[in-house]
>>> print(open('target-v5.cif').read())   # mmCIF, C-alpha atoms
data_query
#
loop_
_atom_site.label_atom_id
_atom_site.label_comp_id
_atom_site.auth_asym_id
_atom_site.auth_seq_id
_atom_site.Cartn_x
_atom_site.Cartn_y
_atom_site.Cartn_z
CA ALA A 1 11.78 3.39 -10.69
CA THR A 2 9.57 6.45 -10.97
CA GLY A 3 8.03 6.55 -7.51
CA GLY A 4 9.58 8.39 -4.60
CA ILE A 5 11.67 5.42 -3.45
CA GLY A 6 12.66 4.10 -6.87
CA SER A 7 13.70 7.46 -8.31
CA ALA A 8 15.78 8.20 -5.21
CA LEU A 9 17.37 4.75 -5.15
CA LEU A 10 18.28 4.97 -8.83
CA GLN A 11 20.16 8.23 -8.27
CA LEU A 12 21.84 7.09 -5.06
CA VAL A 13 23.04 3.76 -6.47
CA LYS A 14 24.23 5.40 -9.68
CA GLN A 15 26.85 7.21 -7.55
CA TYR A 16 28.71 3.89 -7.44
CA ASP A 17 29.14 3.59 -11.22
CA VAL A 18 27.12 0.42 -11.63
CA GLU A 19 24.76 -0.73 -14.38
CA ILE A 20 21.13 -0.38 -13.38
CA ALA A 21 18.05 -1.91 -14.98
CA VAL A 22 14.68 -0.45 -13.98
CA THR A 23 10.99 -0.85 -14.64
CA SER A 24 8.89 2.11 -15.72
CA ASN A 25 5.70 2.90 -17.56
CA THR A 26 5.87 4.35 -21.07
CA LYS A 27 5.32 7.98 -20.04
CA ASN A 28 8.33 7.94 -17.66
CA VAL A 29 10.97 6.24 -19.82
CA GLU A 30 12.75 9.54 -20.53
CA LEU A 31 12.70 10.44 -16.82
CA VAL A 32 14.44 7.22 -15.75
CA LYS A 33 16.98 7.65 -18.54
CA SER A 34 17.75 11.13 -17.21
CA LEU A 35 18.17 9.70 -13.69
CA GLY A 36 20.78 7.22 -14.92
CA ALA A 37 19.00 3.99 -15.87
CA ASP A 38 21.03 1.81 -18.24
CA LYS A 39 18.28 -0.67 -19.17
CA ILE A 40 14.58 0.12 -19.00
CA TYR A 41 11.74 -2.38 -18.99
CA ASP A 42 8.42 -0.77 -19.88
CA TYR A 43 6.16 -2.76 -17.56
CA THR A 44 3.11 -1.91 -19.69
CA LYS A 45 4.68 -3.94 -22.51
CA GLU A 46 7.04 -6.47 -20.90
CA ASP A 47 7.80 -8.31 -17.67
CA PHE A 48 11.45 -8.04 -16.62
CA THR A 49 11.21 -11.46 -14.95
CA ASN A 50 10.84 -13.04 -18.41
CA ASP A 51 14.36 -11.92 -19.33
CA ASP A 52 17.42 -14.14 -18.82
CA ILE A 53 19.72 -11.47 -17.36
CA GLN A 54 21.20 -12.28 -13.95
CA TYR A 55 21.37 -9.58 -11.28
CA ASP A 56 23.40 -9.03 -8.12
CA PHE A 57 20.46 -7.19 -6.52
CA ILE A 58 16.78 -6.75 -7.25
CA PHE A 59 14.99 -3.99 -5.35
CA ASP A 60 11.19 -4.02 -5.50
CA ALA A 61 10.02 -0.66 -4.19
CA VAL A 62 6.31 -1.18 -4.85
CA GLY A 63 5.71 -4.86 -4.19
CA LYS A 64 4.80 -5.79 -7.77
CA SER A 65 6.94 -8.92 -7.71
CA THR A 66 8.02 -11.61 -5.25
CA PHE A 67 11.21 -13.34 -4.20
CA GLY A 68 9.95 -16.54 -5.82
CA LYS A 69 9.46 -14.84 -9.16
CA CYS A 70 12.78 -12.96 -8.97
CA LYS A 71 14.93 -15.79 -7.55
CA PRO A 72 15.83 -17.26 -10.97
CA LEU A 73 17.13 -13.83 -12.03
CA LEU A 74 19.52 -13.52 -9.10
CA LYS A 75 23.18 -14.49 -9.35
CA GLU A 76 24.42 -17.23 -6.99
CA LYS A 77 24.74 -14.86 -4.02
CA GLY A 78 22.19 -12.33 -5.29
CA ILE A 79 19.94 -10.37 -2.99
CA TYR A 80 16.24 -9.52 -3.32
CA ILE A 81 15.18 -6.41 -1.40
CA SER A 82 11.62 -5.19 -1.05
CA SER A 83 10.27 -2.20 0.81
CA GLU A 84 6.85 -3.86 0.80
CA LEU A 85 5.66 -6.70 3.01
CA GLY A 86 4.81 -8.92 0.04
CA PRO A 87 2.07 -11.56 -0.13
CA TYR A 88 1.24 -12.94 3.33
CA SER A 89 3.95 -10.60 4.74
CA GLN A 90 6.56 -13.01 3.37
CA ASN A 91 9.26 -10.35 3.02
CA ILE A 92 9.52 -10.07 6.80
CA PHE A 93 10.03 -13.83 7.21
CA PHE A 94 12.13 -14.71 4.15
CA PRO A 95 15.24 -12.95 5.53
CA LEU A 96 15.19 -15.44 8.41
CA LEU A 97 14.88 -18.38 6.03
CA THR A 98 17.40 -17.25 3.41
CA SER A 99 20.20 -15.84 5.55
CA ILE A 100 22.60 -18.78 5.62
CA GLN A 101 23.91 -19.01 2.05
CA GLY A 102 23.04 -18.43 -1.58
CA LYS A 103 20.29 -16.10 -2.73
CA LYS A 104 18.87 -13.92 0.02
CA VAL A 105 15.97 -11.64 0.89
CA ILE A 106 16.53 -8.44 2.82
CA PHE A 107 13.75 -6.36 4.32
CA PRO A 108 15.21 -2.85 4.62
CA ILE A 109 15.53 -1.28 8.03
CA PRO A 110 16.57 2.39 8.24
CA TYR A 111 20.21 2.97 9.03
CA ASN A 112 21.77 5.44 11.44
CA LYS A 113 20.39 8.88 10.53
CA GLN A 114 23.52 10.60 11.84
CA LYS A 115 25.42 9.04 8.91
CA THR A 116 22.82 9.01 6.15
CA ILE A 117 21.46 12.55 6.51
CA PRO A 118 24.84 14.33 6.00
CA TYR A 119 25.62 12.02 3.05
CA THR A 120 22.28 12.78 1.40
CA ARG A 121 22.61 16.51 2.15
CA ASN A 122 25.99 16.56 0.36
CA LEU A 123 24.51 14.83 -2.68
CA LEU A 124 21.68 17.38 -2.75
CA LYS A 125 24.10 20.31 -2.50
CA SER A 126 26.32 18.94 -5.26
CA GLY A 127 23.36 18.31 -7.58
CA LYS A 128 24.06 14.57 -7.73
CA PHE A 129 20.67 13.85 -6.17
CA LYS A 130 17.49 15.64 -7.20
CA PRO A 131 14.23 14.52 -5.63
CA VAL A 132 11.51 14.01 -8.22
CA ILE A 133 8.48 16.08 -7.23
CA ASP A 134 5.13 15.29 -8.84
CA ARG A 135 2.80 17.71 -7.04
CA GLU A 136 2.56 19.94 -4.01
CA TYR A 137 -0.49 20.31 -1.78
CA MET A 138 -1.22 22.61 1.11
CA LEU A 139 -1.95 20.95 4.45
CA ASP A 140 -5.62 21.91 4.10
CA ASP A 141 -5.73 19.66 1.00
CA LEU A 142 -4.19 16.64 2.71
CA ALA A 143 -7.17 14.45 1.77
CA LYS A 144 -6.73 15.41 -1.91
CA ALA A 145 -3.02 14.60 -1.70
CA TYR A 146 -3.81 11.21 -0.17
CA ASP A 147 -6.42 10.45 -2.85
CA TYR A 148 -3.95 11.38 -5.58
CA VAL A 149 -1.23 9.13 -4.16
CA MET A 150 -3.69 6.24 -3.77
CA MET A 151 -4.57 6.48 -7.48
CA GLY A 152 -1.15 4.91 -8.07
CA GLU A 153 -0.16 7.18 -10.94
CA LYS A 154 2.20 9.63 -9.29
CA THR A 155 5.75 10.15 -10.49
CA GLY A 156 8.23 10.77 -7.70
CA ASN A 157 7.05 12.42 -4.51
CA VAL A 158 3.94 14.29 -3.47
CA ILE A 159 4.74 17.14 -1.09
CA VAL A 160 2.44 18.54 1.60
CA THR A 161 3.41 22.04 2.73
CA PHE A 162 2.33 24.03 5.78
#
>>> encode(input="target-v5.cif", output="structure tokens")
Amino acid sequence: ATGGIGSALLQLVKQYDVEIAVTSNTKNVELVKSLGADKIYDYTKEDFTNDDIQYDFIFDAVGKSTFGKCKPLLKEKGIYISSELGPYSQNIFFPLLTSIQGKKVIFPIPYNKQKTIPYTRNLLKSGKFKPVIDREYMLDDLAKAYDYVMMGEKTGNVIVTF
């Protein structure tokens, strides 16, 4: 929950007064607490899929798990969402196979920007949503920014400015 997507999702979902469990590395535990996480699994020490807690939703923002591994953790009508394609691009096809009843897979598709942009802008203005910024690079250093992101150790977003 410490990448750009996870840190944003944590803050946005927390607006609905729900309990949220997240995964994080040790160095970012305090960050996810400050963003509103109720339960934190340090993925360097434990695998959340070994727990017996049942969830309404599981969102995998970085593709480190699969529907098959998460399915036992979902409640009867629970939903697994991944922003990654998954092994063999399964997350594109599973929504077609799991859409009738029971546990489901959803591959996120962007919603109407005319509705989401004003909503997000209001959260930003009110201070209820604060993007997590790791580093900023100038456009001339785009290759350095890319290399840094590809290292897989960023926290939040990497910004490229003009």
>>> closest_residue(input="target-v5.cif", among="A:Ala1, A:Leu139, A:Met150, A:Leu74", to="A:Gln54", atoms="all atoms listed in the file")
A:Leu74
>>> residues_around(input="target-v5.cif", residues="A:Phe67", least_positions_apart="3", cutoff="8 Å", atoms="all atoms listed in the file", output="PDB file with C-alpha atoms, in the frame of the given file")
ATOM      1  CA  CYS A  70      12.780 -12.960  -8.970  1.00  0.00           C
ATOM      2  CA  LYS A  71      14.930 -15.790  -7.550  1.00  0.00           C
ATOM      3  CA  TYR A  80      16.240  -9.520  -3.320  1.00  0.00           C
ATOM      4  CA  VAL A 105      15.970 -11.640   0.890  1.00  0.00           C
TER       5      VAL A 105
END
>>> resolve_selection(input="target-v5.cif", expression="the PyMOL selection byres ((chain A and resi 153) around 12)", output="VMD selection string")
chain A and resid 2 to 4 24 to 25 27 to 28 134 to 135 147 to 152 154 to 158
>>> closest_residue(input="target-v5.cif", among="A:Gln15, A:Thr49, A:Ser89, A:Thr23", to="A:Gly36", atoms="all atoms listed in the file")
A:Gln15
>>> resolve_selection(input="target-v5.cif", expression="the PyMOL selection byres ((chain A and resi 72) around 12)", output="PDB file with C-alpha atoms, in the frame of the given file")
ATOM      1  CA  PHE A  48      11.450  -8.040 -16.620  1.00  0.00           C
ATOM      2  CA  THR A  49      11.210 -11.460 -14.950  1.00  0.00           C
ATOM      3  CA  ASN A  50      10.840 -13.040 -18.410  1.00  0.00           C
ATOM      4  CA  ASP A  51      14.360 -11.920 -19.330  1.00  0.00           C
ATOM      5  CA  ASP A  52      17.420 -14.140 -18.820  1.00  0.00           C
ATOM      6  CA  ILE A  53      19.720 -11.470 -17.360  1.00  0.00           C
ATOM      7  CA  GLN A  54      21.200 -12.280 -13.950  1.00  0.00           C
ATOM      8  CA  TYR A  55      21.370  -9.580 -11.280  1.00  0.00           C
ATOM      9  CA  ASP A  56      23.400  -9.030  -8.120  1.00  0.00           C
ATOM     10  CA  PHE A  57      20.460  -7.190  -6.520  1.00  0.00           C
ATOM     11  CA  ILE A  58      16.780  -6.750  -7.250  1.00  0.00           C
ATOM     12  CA  THR A  66       8.020 -11.610  -5.250  1.00  0.00           C
ATOM     13  CA  PHE A  67      11.210 -13.340  -4.200  1.00  0.00           C
ATOM     14  CA  GLY A  68       9.950 -16.540  -5.820  1.00  0.00           C
ATOM     15  CA  LYS A  69       9.460 -14.840  -9.160  1.00  0.00           C
ATOM     16  CA  CYS A  70      12.780 -12.960  -8.970  1.00  0.00           C
ATOM     17  CA  LYS A  71      14.930 -15.790  -7.550  1.00  0.00           C
ATOM     18  CA  LEU A  73      17.130 -13.830 -12.030  1.00  0.00           C
ATOM     19  CA  LEU A  74      19.520 -13.520  -9.100  1.00  0.00           C
ATOM     20  CA  LYS A  75      23.180 -14.490  -9.350  1.00  0.00           C
ATOM     21  CA  GLU A  76      24.420 -17.230  -6.990  1.00  0.00           C
ATOM     22  CA  LYS A  77      24.740 -14.860  -4.020  1.00  0.00           C
ATOM     23  CA  GLY A  78      22.190 -12.330  -5.290  1.00  0.00           C
ATOM     24  CA  ILE A  79      19.940 -10.370  -2.990  1.00  0.00           C
ATOM     25  CA  TYR A  80      16.240  -9.520  -3.320  1.00  0.00           C
ATOM     26  CA  GLY A 102      23.040 -18.430  -1.580  1.00  0.00           C
ATOM     27  CA  LYS A 103      20.290 -16.100  -2.730  1.00  0.00           C
ATOM     28  CA  LYS A 104      18.870 -13.920   0.020  1.00  0.00           C
TER      29      LYS A 104
END
>>> closest_residue(input="target-v5.cif", among="A:Tyr137, A:Asn112, A:Val29, A:Lys128", to="A:Asp42", atoms="only C-alpha atoms")
A:Val29
>>> atom_distance(input="target-v5.cif", atom1="atom CA of A:Ile117", atom2="atom CA of A:Gly86")
27.9 Å
>>> residues_around(input="target-v5.cif", residues="A:Phe162", least_positions_apart="6", cutoff="12 Å", atoms="only C-alpha atoms", output="PyMOL selection string")
chain A and resi 136-142
>>> axis_aligned_box(input="target-v5.cif", around="stretch 11-15 of chain A", padding_each_side="5 Å", output="lines of an AutoDock Vina configuration file")
center_x = 23.5
center_y = 6.0
center_z = -7.4
size_x = 16.7
size_y = 14.5
size_z = 14.6
>>> decode(input="target-v5.cif", residues="stretch 8-139 of chain A", atoms="C-alpha atoms", output="PDB file, in the first residue's frame")
ATOM      1  CA  ALA A   8      -3.960   6.630  -3.098  1.00  0.00           C
ATOM      2  CA  LEU A   9      -6.458   3.782  -2.809  1.00  0.00           C
ATOM      3  CA  LEU A  10      -5.916   3.518   0.943  1.00  0.00           C
ATOM      4  CA  GLN A  11      -6.770   7.190   1.419  1.00  0.00           C
ATOM      5  CA  LEU A  12      -9.723   7.149  -0.971  1.00  0.00           C
ATOM      6  CA  VAL A  13     -11.322   4.031   0.517  1.00  0.00           C
ATOM      7  CA  LYS A  14     -10.761   5.281   4.061  1.00  0.00           C
ATOM      8  CA  GLN A  15     -13.261   8.071   3.269  1.00  0.00           C
ATOM      9  CA  TYR A  16     -15.972   5.412   3.624  1.00  0.00           C
ATOM     10  CA  ASP A  17     -15.128   4.523   7.232  1.00  0.00           C
ATOM     11  CA  VAL A  18     -14.175   0.916   6.570  1.00  0.00           C
ATOM     12  CA  GLU A  19     -11.483  -1.293   8.085  1.00  0.00           C
ATOM     13  CA  ILE A  20      -8.509  -1.704   5.788  1.00  0.00           C
ATOM     14  CA  ALA A  21      -5.699  -4.247   5.935  1.00  0.00           C
ATOM     15  CA  VAL A  22      -2.614  -3.529   3.828  1.00  0.00           C
ATOM     16  CA  THR A  23       0.765  -4.976   2.975  1.00  0.00           C
ATOM     17  CA  SER A  24       3.907  -2.906   3.395  1.00  0.00           C
ATOM     18  CA  ASN A  25       7.614  -3.330   3.905  1.00  0.00           C
ATOM     19  CA  THR A  26       9.129  -2.578   7.312  1.00  0.00           C
ATOM     20  CA  LYS A  27      10.379   0.921   6.446  1.00  0.00           C
ATOM     21  CA  ASN A  28       6.879   2.100   5.424  1.00  0.00           C
ATOM     22  CA  VAL A  29       4.766   0.748   8.298  1.00  0.00           C
ATOM     23  CA  GLU A  30       4.445   4.199   9.902  1.00  0.00           C
ATOM     24  CA  LEU A  31       3.485   5.743   6.555  1.00  0.00           C
ATOM     25  CA  VAL A  32       0.575   3.350   5.983  1.00  0.00           C
ATOM     26  CA  LYS A  33      -0.566   3.864   9.568  1.00  0.00           C
ATOM     27  CA  SER A  34      -0.638   7.615   8.925  1.00  0.00           C
ATOM     28  CA  LEU A  35      -2.672   7.043   5.743  1.00  0.00           C
ATOM     29  CA  GLY A  36      -5.325   5.124   7.686  1.00  0.00           C
ATOM     30  CA  ALA A  37      -4.417   1.421   7.598  1.00  0.00           C
ATOM     31  CA  ASP A  38      -6.056  -0.581  10.392  1.00  0.00           C
ATOM     32  CA  LYS A  39      -4.065  -3.810   9.977  1.00  0.00           C
ATOM     33  CA  ILE A  40      -0.609  -3.971   8.446  1.00  0.00           C
ATOM     34  CA  TYR A  41       1.135  -7.066   7.133  1.00  0.00           C
ATOM     35  CA  ASP A  42       4.883  -6.553   6.793  1.00  0.00           C
ATOM     36  CA  TYR A  43       5.465  -8.571   3.623  1.00  0.00           C
ATOM     37  CA  THR A  44       9.166  -8.955   4.465  1.00  0.00           C
ATOM     38  CA  LYS A  45       8.125 -11.015   7.504  1.00  0.00           C
ATOM     39  CA  GLU A  46       4.696 -12.503   6.738  1.00  0.00           C
ATOM     40  CA  ASP A  47       2.341 -13.435   3.920  1.00  0.00           C
ATOM     41  CA  PHE A  48      -1.173 -12.052   4.386  1.00  0.00           C
ATOM     42  CA  THR A  49      -2.597 -15.032   2.488  1.00  0.00           C
ATOM     43  CA  ASN A  50      -1.555 -17.285   5.394  1.00  0.00           C
ATOM     44  CA  ASP A  51      -4.015 -15.505   7.692  1.00  0.00           C
ATOM     45  CA  ASP A  52      -7.582 -16.730   8.227  1.00  0.00           C
ATOM     46  CA  ILE A  53      -9.297 -13.330   7.999  1.00  0.00           C
ATOM     47  CA  GLN A  54     -12.044 -13.068   5.381  1.00  0.00           C
ATOM     48  CA  TYR A  55     -12.292  -9.956   3.210  1.00  0.00           C
ATOM     49  CA  ASP A  56     -15.015  -8.310   1.145  1.00  0.00           C
ATOM     50  CA  PHE A  57     -12.401  -7.016  -1.317  1.00  0.00           C
ATOM     51  CA  ILE A  58      -8.750  -7.675  -2.038  1.00  0.00           C
ATOM     52  CA  PHE A  59      -6.972  -5.155  -4.257  1.00  0.00           C
ATOM     53  CA  ASP A  60      -3.569  -6.180  -5.597  1.00  0.00           C
ATOM     54  CA  ALA A  61      -1.947  -3.038  -6.981  1.00  0.00           C
ATOM     55  CA  VAL A  62       1.404  -4.601  -7.859  1.00  0.00           C
ATOM     56  CA  GLY A  63       0.578  -8.120  -8.988  1.00  0.00           C
ATOM     57  CA  LYS A  64       2.338  -9.924  -6.138  1.00  0.00           C
ATOM     58  CA  SER A  65      -0.550 -12.331  -5.610  1.00  0.00           C
ATOM     59  CA  THR A  66      -3.182 -14.136  -7.671  1.00  0.00           C
ATOM     60  CA  PHE A  67      -6.907 -14.759  -7.532  1.00  0.00           C
ATOM     61  CA  GLY A  68      -6.223 -18.425  -6.797  1.00  0.00           C
ATOM     62  CA  LYS A  69      -4.101 -17.574  -3.783  1.00  0.00           C
ATOM     63  CA  CYS A  70      -6.528 -14.913  -2.511  1.00  0.00           C
ATOM     64  CA  LYS A  71      -9.794 -16.768  -3.219  1.00  0.00           C
ATOM     65  CA  PRO A  72      -9.855 -18.596   0.156  1.00  0.00           C
ATOM     66  CA  LEU A  73      -9.585 -15.210   1.912  1.00  0.00           C
ATOM     67  CA  LEU A  74     -12.628 -13.745   0.172  1.00  0.00           C
ATOM     68  CA  LYS A  75     -16.079 -13.777   1.741  1.00  0.00           C
ATOM     69  CA  GLU A  76     -18.840 -15.607  -0.163  1.00  0.00           C
ATOM     70  CA  LYS A  77     -19.421 -12.715  -2.574  1.00  0.00           C
ATOM     71  CA  GLY A  78     -15.945 -11.211  -2.191  1.00  0.00           C
ATOM     72  CA  ILE A  79     -14.144  -9.488  -5.025  1.00  0.00           C
ATOM     73  CA  TYR A  80     -10.493  -9.684  -6.080  1.00  0.00           C
ATOM     74  CA  ILE A  81      -9.259  -6.645  -8.011  1.00  0.00           C
ATOM     75  CA  SER A  82      -5.854  -6.324  -9.613  1.00  0.00           C
ATOM     76  CA  SER A  83      -4.374  -3.479 -11.600  1.00  0.00           C
ATOM     77  CA  GLU A  84      -1.854  -5.932 -13.052  1.00  0.00           C
ATOM     78  CA  LEU A  85      -2.448  -8.506 -15.776  1.00  0.00           C
ATOM     79  CA  GLY A  86      -1.345 -11.393 -13.557  1.00  0.00           C
ATOM     80  CA  PRO A  87       0.328 -14.622 -14.680  1.00  0.00           C
ATOM     81  CA  TYR A  88      -0.567 -15.481 -18.288  1.00  0.00           C
ATOM     82  CA  SER A  89      -2.733 -12.306 -18.339  1.00  0.00           C
ATOM     83  CA  GLN A  90      -5.316 -14.179 -16.266  1.00  0.00           C
ATOM     84  CA  ASN A  91      -6.768 -11.040 -14.682  1.00  0.00           C
ATOM     85  CA  ILE A  92      -8.218  -9.990 -18.025  1.00  0.00           C
ATOM     86  CA  PHE A  93      -9.970 -13.347 -18.512  1.00  0.00           C
ATOM     87  CA  PHE A  94     -11.043 -14.227 -14.954  1.00  0.00           C
ATOM     88  CA  PRO A  95     -13.730 -11.502 -14.875  1.00  0.00           C
ATOM     89  CA  LEU A  96     -15.451 -13.322 -17.738  1.00  0.00           C
ATOM     90  CA  LEU A  97     -15.266 -16.647 -15.909  1.00  0.00           C
ATOM     91  CA  THR A  98     -16.238 -15.432 -12.440  1.00  0.00           C
ATOM     92  CA  SER A  99     -19.017 -12.968 -13.200  1.00  0.00           C
ATOM     93  CA  ILE A 100     -22.084 -15.132 -12.577  1.00  0.00           C
ATOM     94  CA  GLN A 101     -22.070 -15.694  -8.805  1.00  0.00           C
ATOM     95  CA  GLY A 102     -19.862 -16.062  -5.764  1.00  0.00           C
ATOM     96  CA  LYS A 103     -16.312 -14.780  -5.585  1.00  0.00           C
ATOM     97  CA  LYS A 104     -15.332 -12.550  -8.485  1.00  0.00           C
ATOM     98  CA  VAL A 105     -12.366 -10.964 -10.229  1.00  0.00           C
ATOM     99  CA  ILE A 106     -12.546  -7.415 -11.523  1.00  0.00           C
ATOM    100  CA  PHE A 107      -9.962  -5.863 -13.809  1.00  0.00           C
ATOM    101  CA  PRO A 108     -10.280  -2.107 -13.234  1.00  0.00           C
ATOM    102  CA  ILE A 109     -11.263   0.113 -16.117  1.00  0.00           C
ATOM    103  CA  PRO A 110     -11.119   3.901 -15.611  1.00  0.00           C
ATOM    104  CA  TYR A 111     -14.443   5.532 -14.875  1.00  0.00           C
ATOM    105  CA  ASN A 112     -15.894   8.722 -16.284  1.00  0.00           C
ATOM    106  CA  LYS A 113     -13.301  11.457 -15.701  1.00  0.00           C
ATOM    107  CA  GLN A 114     -15.996  14.145 -15.546  1.00  0.00           C
ATOM    108  CA  LYS A 115     -17.139  12.586 -12.250  1.00  0.00           C
ATOM    109  CA  THR A 116     -13.889  11.369 -10.727  1.00  0.00           C
ATOM    110  CA  ILE A 117     -11.718  14.446 -11.296  1.00  0.00           C
ATOM    111  CA  PRO A 118     -13.985  16.891  -9.373  1.00  0.00           C
ATOM    112  CA  TYR A 119     -14.364  14.336  -6.555  1.00  0.00           C
ATOM    113  CA  THR A 120     -10.602  13.891  -6.274  1.00  0.00           C
ATOM    114  CA  ARG A 121     -10.007  17.653  -6.528  1.00  0.00           C
ATOM    115  CA  ASN A 122     -12.362  18.227  -3.571  1.00  0.00           C
ATOM    116  CA  LEU A 123     -10.524  15.624  -1.493  1.00  0.00           C
ATOM    117  CA  LEU A 124      -7.210  17.307  -2.325  1.00  0.00           C
ATOM    118  CA  LYS A 125      -8.538  20.753  -1.379  1.00  0.00           C
ATOM    119  CA  SER A 126      -9.968  19.489   1.907  1.00  0.00           C
ATOM    120  CA  GLY A 127      -6.736  17.697   2.841  1.00  0.00           C
ATOM    121  CA  LYS A 128      -8.458  14.296   2.951  1.00  0.00           C
ATOM    122  CA  PHE A 129      -6.223  13.046   0.141  1.00  0.00           C
ATOM    123  CA  LYS A 130      -2.495  13.737   0.005  1.00  0.00           C
ATOM    124  CA  PRO A 131      -0.495  12.140  -2.798  1.00  0.00           C
ATOM    125  CA  VAL A 132       2.650  10.469  -1.515  1.00  0.00           C
ATOM    126  CA  ILE A 133       5.634  11.849  -3.438  1.00  0.00           C
ATOM    127  CA  ASP A 134       8.918   9.939  -3.320  1.00  0.00           C
ATOM    128  CA  ARG A 135      11.100  11.979  -5.678  1.00  0.00           C
ATOM    129  CA  GLU A 136      10.948  14.617  -8.377  1.00  0.00           C
ATOM    130  CA  TYR A 137      12.990  14.617 -11.569  1.00  0.00           C
ATOM    131  CA  MET A 138      13.347  17.165 -14.327  1.00  0.00           C
ATOM    132  CA  LEU A 139      12.318  16.044 -17.808  1.00  0.00           C
TER     133      LEU A 139
END
